[in-house]
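Following: one structure in structure tokens, then a few remarks.
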Amino acid sequence: MEITQQNSCVKYILPDGRFLDVLTDVFDEMYKWLQNEVNSPESGGYIVGYQHDITKNVSLEKISHPFSGDYCNRIHFTIKDPRHNSFLLKEKVKKSYYMGVWHTHPQDVPIPSSIDWEDWRSSIENETSGCGYILFIIAGRKQVRIWAGDTCTKVITELHECQKVDGIYVKGGTTDEAITKNNRG
């Protein structure tokens with residue numbers, strides 16, 4: 001997904017066919033922390049949201065941001081500040097629950113590091129979320145990529161934005177599937 005600030009939400013398809021809506025507030029906050037300068041440190045935090053009672057689709061509403069007690073440098077970020085946990089507790093009262101973590105990379109198109117993969121595997125083994133997946137977002141300088149770790153199967157899958165026609169999401173496949181279909185004629 002290319003980083004823009006004009007969408008009210010971006011819709012992705014989860015591995016089980018449900019939809020994931022990432023609300024504007026999530027991208028707007030991430031955008032503030034992109035590593036656009038040579039000395040910008042890696043940043044990150046928690047993601048909160050909820051699963052819809054009827055459709056079981058998932059919405060991501062907010063993220064925590066780096067605090068002074070966190071550990072960060074150009075290529076590493078670790079949540080250490082207790083204000084992240086306060087953020088989770090405050091949002092839980094509003095019925096918005098832990099859904100995963102996000103962080104930045106100093107790349108245009110972020111590529112998960114071996115440390116990311118190790119941390120993600122540990123997360124899907126040891127954590128629970130409000131939707132059956134632990135979500136992992138990496139924000140690069142020009143693109144944001146999202147992965148879903150299935151807490152039952154332990155499989156981590158990259159998510160793709162749903163197909164749009166004339167700027168409107170359509171029921172069915174992902175943008176990648178639409179491109180493949182169009183390339184076949």
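Within each chain, counting starts at residue 1; across the structure tokens, chains are named A, B, ... in the order shown, with ligands numbered 1 upward in that order.
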Item to check | Within 9 Å of Leu88 in chain A using only C-alpha atoms, minus same-chain residues under 6 positions, as a ChimeraX atom specification | outcome: /A:46-48,64,96-98
Preceding selection exported with C-alpha atoms as a JSON list (two decimals), in the first residue's frame:
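Generated file (part25.json):
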```
[["chain", "number", "residue", "atom", "x", "y", "z"],
["A", 46, "TYR", "CA", 1.06, -1.32, 19.84],
["A", 47, "ILE", "CA", -1.99, -1.56, 17.56],
["A", 48, "VAL", "CA", -5.53, -1.65, 18.96],
["A", 64, "SER", "CA", 0.65, 3.84, 20.47],
["A", 96, "SER", "CA", -10.58, -1.52, 21.62],
["A", 97, "TYR", "CA", -8.14, -4.40, 22.14],
["A", 98, "TYR", "CA", -4.53, -5.38, 21.45]]
```
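Residues in contact range of Cys131 in chain A, defined as at most 10 Å between only C-alpha atoms, with sequence neighbours fewer than 4 positions away removed, read Gly49, Tyr50, Gln51, His52, Lys56, Asn57, Val58, Ser59, Tyr97, Tyr98, Met99, Leu135, Asp150 and Thr151 of chain A.
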Need the shell around Val144 in chain A: protein/DNA/RNA residues with any atom at most 12 Å away, counting only C-alpha atoms. Skip same-chain ones fewer than 6 positions apart. Format as a tab-separated table (two decimals) with all heavy atoms, in the first residue's frame?
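Result file is result-v5.tsv:
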```
chain	number	residue	atom	x	y	z
A	1	MET	N	0.85	-1.17	0.00
A	1	MET	CA	0.00	0.00	0.00
A	1	MET	C	0.89	1.23	0.00
A	1	MET	O	1.77	1.34	0.82
A	1	MET	CB	-0.86	-0.03	1.28
A	1	MET	CG	-2.10	0.81	1.26
A	1	MET	SD	-2.06	2.54	1.74
A	1	MET	CE	-1.17	2.64	3.22
A	2	GLU	N	0.70	2.09	-0.92
A	2	GLU	CA	1.46	3.33	-0.96
A	2	GLU	C	0.95	4.25	0.13
A	2	GLU	O	-0.25	4.32	0.40
A	2	GLU	CB	1.30	4.00	-2.32
A	2	GLU	CG	2.16	5.23	-2.46
A	2	GLU	CD	2.09	5.81	-3.86
A	2	GLU	OE1	1.73	5.08	-4.80
A	2	GLU	OE2	2.38	7.00	-3.98
A	3	ILE	N	1.85	4.97	0.78
A	3	ILE	CA	1.47	5.85	1.87
A	3	ILE	C	0.81	7.10	1.32
A	3	ILE	O	1.40	7.82	0.52
A	3	ILE	CB	2.68	6.24	2.73
A	3	ILE	CG1	3.26	5.00	3.40
A	3	ILE	CG2	2.30	7.27	3.77
A	3	ILE	CD1	4.53	5.24	4.15
A	4	THR	N	-0.43	7.30	1.70
A	4	THR	CA	-1.14	8.53	1.39
A	4	THR	C	-1.94	8.91	2.61
A	4	THR	O	-2.17	8.09	3.48
A	4	THR	CB	-2.11	8.38	0.20
A	4	THR	OG1	-3.13	7.44	0.56
A	4	THR	CG2	-1.40	7.91	-1.06
A	10	VAL	N	-8.24	1.80	4.83
A	10	VAL	CA	-7.72	0.93	3.79
A	10	VAL	C	-8.16	-0.48	4.15
A	10	VAL	O	-8.04	-0.90	5.29
A	10	VAL	CB	-6.18	1.02	3.68
A	10	VAL	CG1	-5.66	0.09	2.61
A	10	VAL	CG2	-5.77	2.46	3.38
A	22	VAL	N	-8.09	-0.74	8.15
A	22	VAL	CA	-7.12	0.05	8.88
A	22	VAL	C	-7.57	1.50	8.75
A	22	VAL	O	-7.56	2.07	7.66
A	22	VAL	CB	-5.69	-0.15	8.34
A	22	VAL	CG1	-4.70	0.63	9.19
A	22	VAL	CG2	-5.33	-1.64	8.31
A	26	VAL	N	-4.64	5.41	12.21
A	26	VAL	CA	-3.48	4.52	12.31
A	26	VAL	C	-2.39	5.00	11.35
A	26	VAL	O	-1.23	5.19	11.75
A	26	VAL	CB	-3.88	3.05	12.01
A	26	VAL	CG1	-2.66	2.15	11.91
A	26	VAL	CG2	-4.84	2.55	13.09
A	27	PHE	N	-2.74	5.20	10.09
A	27	PHE	CA	-1.75	5.64	9.11
A	27	PHE	C	-1.25	7.06	9.41
A	27	PHE	O	-0.08	7.35	9.24
A	27	PHE	CB	-2.30	5.55	7.69
A	27	PHE	CG	-2.49	4.14	7.21
A	27	PHE	CD1	-3.74	3.68	6.86
A	27	PHE	CD2	-1.42	3.26	7.13
A	27	PHE	CE1	-3.93	2.38	6.42
A	27	PHE	CE2	-1.59	1.95	6.69
A	27	PHE	CZ	-2.86	1.51	6.33
A	28	ASP	N	-2.16	7.94	9.86
A	28	ASP	CA	-1.75	9.31	10.18
A	28	ASP	C	-0.69	9.33	11.27
A	28	ASP	O	0.28	10.09	11.18
A	28	ASP	CB	-2.95	10.15	10.61
A	28	ASP	CG	-3.87	10.52	9.46
A	28	ASP	OD1	-3.49	10.31	8.29
A	28	ASP	OD2	-4.98	11.01	9.74
A	30	MET	N	1.37	6.78	12.15
A	30	MET	CA	2.60	6.18	11.62
A	30	MET	C	3.38	7.16	10.74
A	30	MET	O	4.60	7.20	10.79
A	30	MET	CB	2.27	4.94	10.78
A	30	MET	CG	2.10	3.70	11.56
A	30	MET	SD	1.79	2.34	10.40
A	30	MET	CE	0.74	1.36	11.43
A	31	TYR	N	2.64	7.91	9.95
A	31	TYR	CA	3.25	8.87	9.02
A	31	TYR	C	4.15	9.86	9.76
A	31	TYR	O	5.20	10.26	9.25
A	31	TYR	CB	2.14	9.61	8.26
A	31	TYR	CG	2.62	10.48	7.15
A	31	TYR	CD1	3.00	9.92	5.92
A	31	TYR	CD2	2.70	11.85	7.29
A	31	TYR	CE1	3.45	10.72	4.89
A	31	TYR	CE2	3.16	12.66	6.26
A	31	TYR	CZ	3.53	12.09	5.07
A	31	TYR	OH	3.99	12.88	4.05
A	34	LEU	N	7.83	8.20	10.30
A	34	LEU	CA	8.62	7.60	9.22
A	34	LEU	C	10.08	8.04	9.31
A	34	LEU	O	10.38	9.16	9.72
A	34	LEU	CB	8.04	7.99	7.86
A	34	LEU	CG	6.65	7.47	7.54
A	34	LEU	CD1	6.23	7.93	6.14
A	34	LEU	CD2	6.59	5.96	7.64
A	102	TRP	N	3.51	-2.42	15.52
A	102	TRP	CA	3.98	-1.76	14.30
A	102	TRP	C	5.36	-1.19	14.58
A	102	TRP	O	5.72	-0.94	15.73
A	102	TRP	CB	3.02	-0.64	13.87
A	102	TRP	CG	3.08	0.57	14.74
A	102	TRP	CD1	2.44	0.76	15.93
A	102	TRP	CD2	3.86	1.75	14.51
A	102	TRP	NE1	2.76	1.99	16.46
A	102	TRP	CE2	3.63	2.62	15.60
A	102	TRP	CE3	4.72	2.15	13.49
A	102	TRP	CZ2	4.24	3.87	15.70
A	102	TRP	CZ3	5.31	3.40	13.59
A	102	TRP	CH2	5.07	4.24	14.69
A	103	HIS	N	6.12	-0.99	13.52
A	103	HIS	CA	7.38	-0.26	13.63
A	103	HIS	C	7.78	0.24	12.24
A	103	HIS	O	7.18	-0.14	11.25
A	103	HIS	CB	8.49	-1.10	14.28
A	103	HIS	CG	8.99	-2.25	13.46
A	103	HIS	ND1	8.30	-3.44	13.34
A	103	HIS	CD2	10.11	-2.39	12.72
A	103	HIS	CE1	8.99	-4.27	12.58
A	103	HIS	NE2	10.09	-3.66	12.19
A	104	THR	N	8.76	1.11	12.23
A	104	THR	CA	9.24	1.69	10.97
A	104	THR	C	10.53	1.00	10.53
A	104	THR	O	11.20	0.35	11.34
A	104	THR	CB	9.50	3.21	11.12
A	104	THR	OG1	10.51	3.41	12.11
A	104	THR	CG2	8.24	3.96	11.49
A	105	HIS	N	10.85	1.16	9.27
A	105	HIS	CA	12.14	0.74	8.72
A	105	HIS	C	12.67	1.88	7.86
A	105	HIS	O	11.88	2.59	7.23
A	105	HIS	CB	11.98	-0.50	7.82
A	105	HIS	CG	12.10	-1.79	8.54
A	105	HIS	ND1	12.34	-2.97	7.88
A	105	HIS	CD2	12.02	-2.11	9.85
A	105	HIS	CE1	12.40	-3.97	8.75
A	105	HIS	NE2	12.19	-3.48	9.95
A	106	PRO	N	14.00	2.03	7.81
A	106	PRO	CA	14.58	3.09	6.97
A	106	PRO	C	14.74	2.64	5.51
A	106	PRO	O	15.79	2.79	4.91
A	106	PRO	CB	15.94	3.33	7.63
A	106	PRO	CG	16.31	2.00	8.20
A	106	PRO	CD	15.01	1.37	8.63
A	107	GLN	N	13.67	2.05	4.97
A	107	GLN	CA	13.66	1.57	3.58
A	107	GLN	C	12.42	2.15	2.91
A	107	GLN	O	11.42	2.39	3.58
A	107	GLN	CB	13.54	0.04	3.55
A	107	GLN	CG	14.64	-0.69	4.28
A	107	GLN	CD	14.23	-2.14	4.56
A	107	GLN	OE1	13.17	-2.40	5.11
A	107	GLN	NE2	15.10	-3.07	4.20
A	108	ASP	N	12.47	2.34	1.60
A	108	ASP	CA	11.28	2.79	0.89
A	108	ASP	C	10.18	1.73	1.00
A	108	ASP	O	9.05	2.03	1.35
A	108	ASP	CB	11.59	3.07	-0.58
A	108	ASP	CG	12.43	4.33	-0.76
A	108	ASP	OD1	12.52	5.13	0.19
A	108	ASP	OD2	13.00	4.49	-1.86
A	109	VAL	N	10.53	0.49	0.66
A	109	VAL	CA	9.61	-0.64	0.76
A	109	VAL	C	10.19	-1.55	1.85
A	109	VAL	O	11.25	-2.15	1.64
A	109	VAL	CB	9.48	-1.39	-0.57
A	109	VAL	CG1	8.55	-2.59	-0.42
A	109	VAL	CG2	8.99	-0.46	-1.67
A	110	PRO	N	9.55	-1.61	3.00
A	110	PRO	CA	10.15	-2.34	4.13
A	110	PRO	C	10.20	-3.85	3.91
A	110	PRO	O	9.27	-4.44	3.37
A	110	PRO	CB	9.24	-1.98	5.30
A	110	PRO	CG	7.92	-1.69	4.67
A	110	PRO	CD	8.24	-1.06	3.35
A	111	ILE	N	11.30	-4.44	4.33
A	111	ILE	CA	11.50	-5.89	4.28
A	111	ILE	C	11.76	-6.36	5.71
A	111	ILE	O	12.66	-5.84	6.37
A	111	ILE	CB	12.69	-6.26	3.37
A	111	ILE	CG1	12.43	-5.77	1.94
A	111	ILE	CG2	12.97	-7.76	3.41
A	111	ILE	CD1	13.63	-5.83	1.04
A	112	PRO	N	10.97	-7.32	6.20
A	112	PRO	CA	11.18	-7.79	7.58
A	112	PRO	C	12.58	-8.37	7.76
A	112	PRO	O	13.08	-9.11	6.91
A	112	PRO	CB	10.12	-8.88	7.76
A	112	PRO	CG	9.17	-8.73	6.63
A	112	PRO	CD	9.90	-8.05	5.53
A	136	PHE	N	1.10	-7.46	12.27
A	136	PHE	CA	2.42	-6.85	12.27
A	136	PHE	C	2.49	-5.86	11.10
A	136	PHE	O	2.26	-6.25	9.96
A	136	PHE	CB	3.50	-7.91	12.10
A	136	PHE	CG	3.36	-9.07	13.05
A	136	PHE	CD1	2.90	-10.30	12.61
A	136	PHE	CD2	3.67	-8.92	14.39
A	136	PHE	CE1	2.77	-11.37	13.47
A	136	PHE	CE2	3.53	-9.98	15.28
A	136	PHE	CZ	3.09	-11.21	14.82
A	137	ILE	N	2.78	-4.62	11.42
A	137	ILE	CA	2.86	-3.59	10.38
A	137	ILE	C	4.27	-3.00	10.38
A	137	ILE	O	4.79	-2.66	11.43
A	137	ILE	CB	1.83	-2.46	10.62
A	137	ILE	CG1	0.41	-3.03	10.64
A	137	ILE	CG2	1.98	-1.37	9.56
A	137	ILE	CD1	-0.67	-1.99	10.97
A	138	ILE	N	4.85	-2.90	9.19
A	138	ILE	CA	6.12	-2.18	9.04
A	138	ILE	C	5.86	-1.03	8.09
A	138	ILE	O	5.39	-1.22	6.96
A	138	ILE	CB	7.25	-3.07	8.48
A	138	ILE	CG1	7.48	-4.30	9.36
A	138	ILE	CG2	8.54	-2.25	8.40
A	138	ILE	CD1	8.56	-5.24	8.83
A	158	GLU	N	1.46	-12.35	4.53
A	158	GLU	CA	1.37	-10.93	4.17
A	158	GLU	C	-0.03	-10.65	3.65
A	158	GLU	O	-0.60	-11.43	2.89
A	158	GLU	CB	2.41	-10.55	3.12
A	158	GLU	CG	2.35	-9.05	2.82
A	158	GLU	CD	3.47	-8.54	1.94
A	158	GLU	OE1	4.30	-9.35	1.47
A	158	GLU	OE2	3.51	-7.31	1.72
A	159	LEU	N	-0.59	-9.52	4.07
A	159	LEU	CA	-1.91	-9.11	3.62
A	159	LEU	C	-1.77	-8.13	2.46
A	159	LEU	O	-0.77	-7.42	2.34
A	159	LEU	CB	-2.67	-8.43	4.76
A	159	LEU	CG	-2.82	-9.24	6.04
A	159	LEU	CD1	-3.67	-8.47	7.05
A	159	LEU	CD2	-3.41	-10.61	5.77
A	160	HIS	N	-2.80	-8.10	1.63
A	160	HIS	CA	-2.81	-7.20	0.48
A	160	HIS	C	-4.11	-6.41	0.48
A	160	HIS	O	-5.16	-6.91	0.89
A	160	HIS	CB	-2.65	-7.99	-0.82
A	160	HIS	CG	-1.35	-8.72	-0.86
A	160	HIS	ND1	-0.16	-8.10	-1.15
A	160	HIS	CD2	-1.04	-10.02	-0.60
A	160	HIS	CE1	0.82	-8.98	-1.08
A	160	HIS	NE2	0.32	-10.15	-0.74
A	161	GLU	N	-3.99	-5.19	-0.02
A	161	GLU	CA	-5.17	-4.33	-0.10
A	161	GLU	C	-6.21	-4.96	-1.02
A	161	GLU	O	-5.87	-5.56	-2.05
A	161	GLU	CB	-4.76	-2.95	-0.63
A	161	GLU	CG	-5.89	-1.95	-0.61
A	161	GLU	CD	-5.44	-0.55	-1.03
A	161	GLU	OE1	-4.25	-0.34	-1.32
A	161	GLU	OE2	-6.32	0.32	-1.07
```
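Atom to atom, CA of Ile79 in chain A and CA of Gly44 in chain A stand 7.6 Å apart.
Excluding Phe67 in chain A itself and same-chain residues fewer than 4 positions from it, the residues having an atom within 12 Å of it are Trp33, Ser43, Gly44, Gly45, Tyr46, Tyr71, Cys72, Phe77, Thr78, Ile79, Lys80, Asp81, Pro82, Arg83, His84, Asn85, Ser86 and Phe87 of chain A, counting only C-alpha atoms.
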Item to check | Counting only C-alpha atoms, the option among A:His76, A:Arg18, A:Arg145, A:His65 closest to Asp116 in chain A | outcome: A:His76
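For the atom pair formed by CA of Thr24 in chain A and CA of Gly149 in chain A, the distance is 22.4 Å, given to one decimal.
In terms of minimum interatomic distance to Asp25 in chain A, A:Ile63 ranks closest within A:Ile63, A:Ala139, A:Asn39, A:Tyr12, counting only C-alpha atoms.
The spacing separating CA of Gln35 in chain A from CA of Arg121 in chain A amounts to 25.1 Å.
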Item to check | Per-residue DSSP, range 11-127 of chain A, filtered to strand (DSSP E), as a ChimeraX atom specification | outcome: /A:11-13,19-23,44-51,58-63,71-73,76-78,97-104
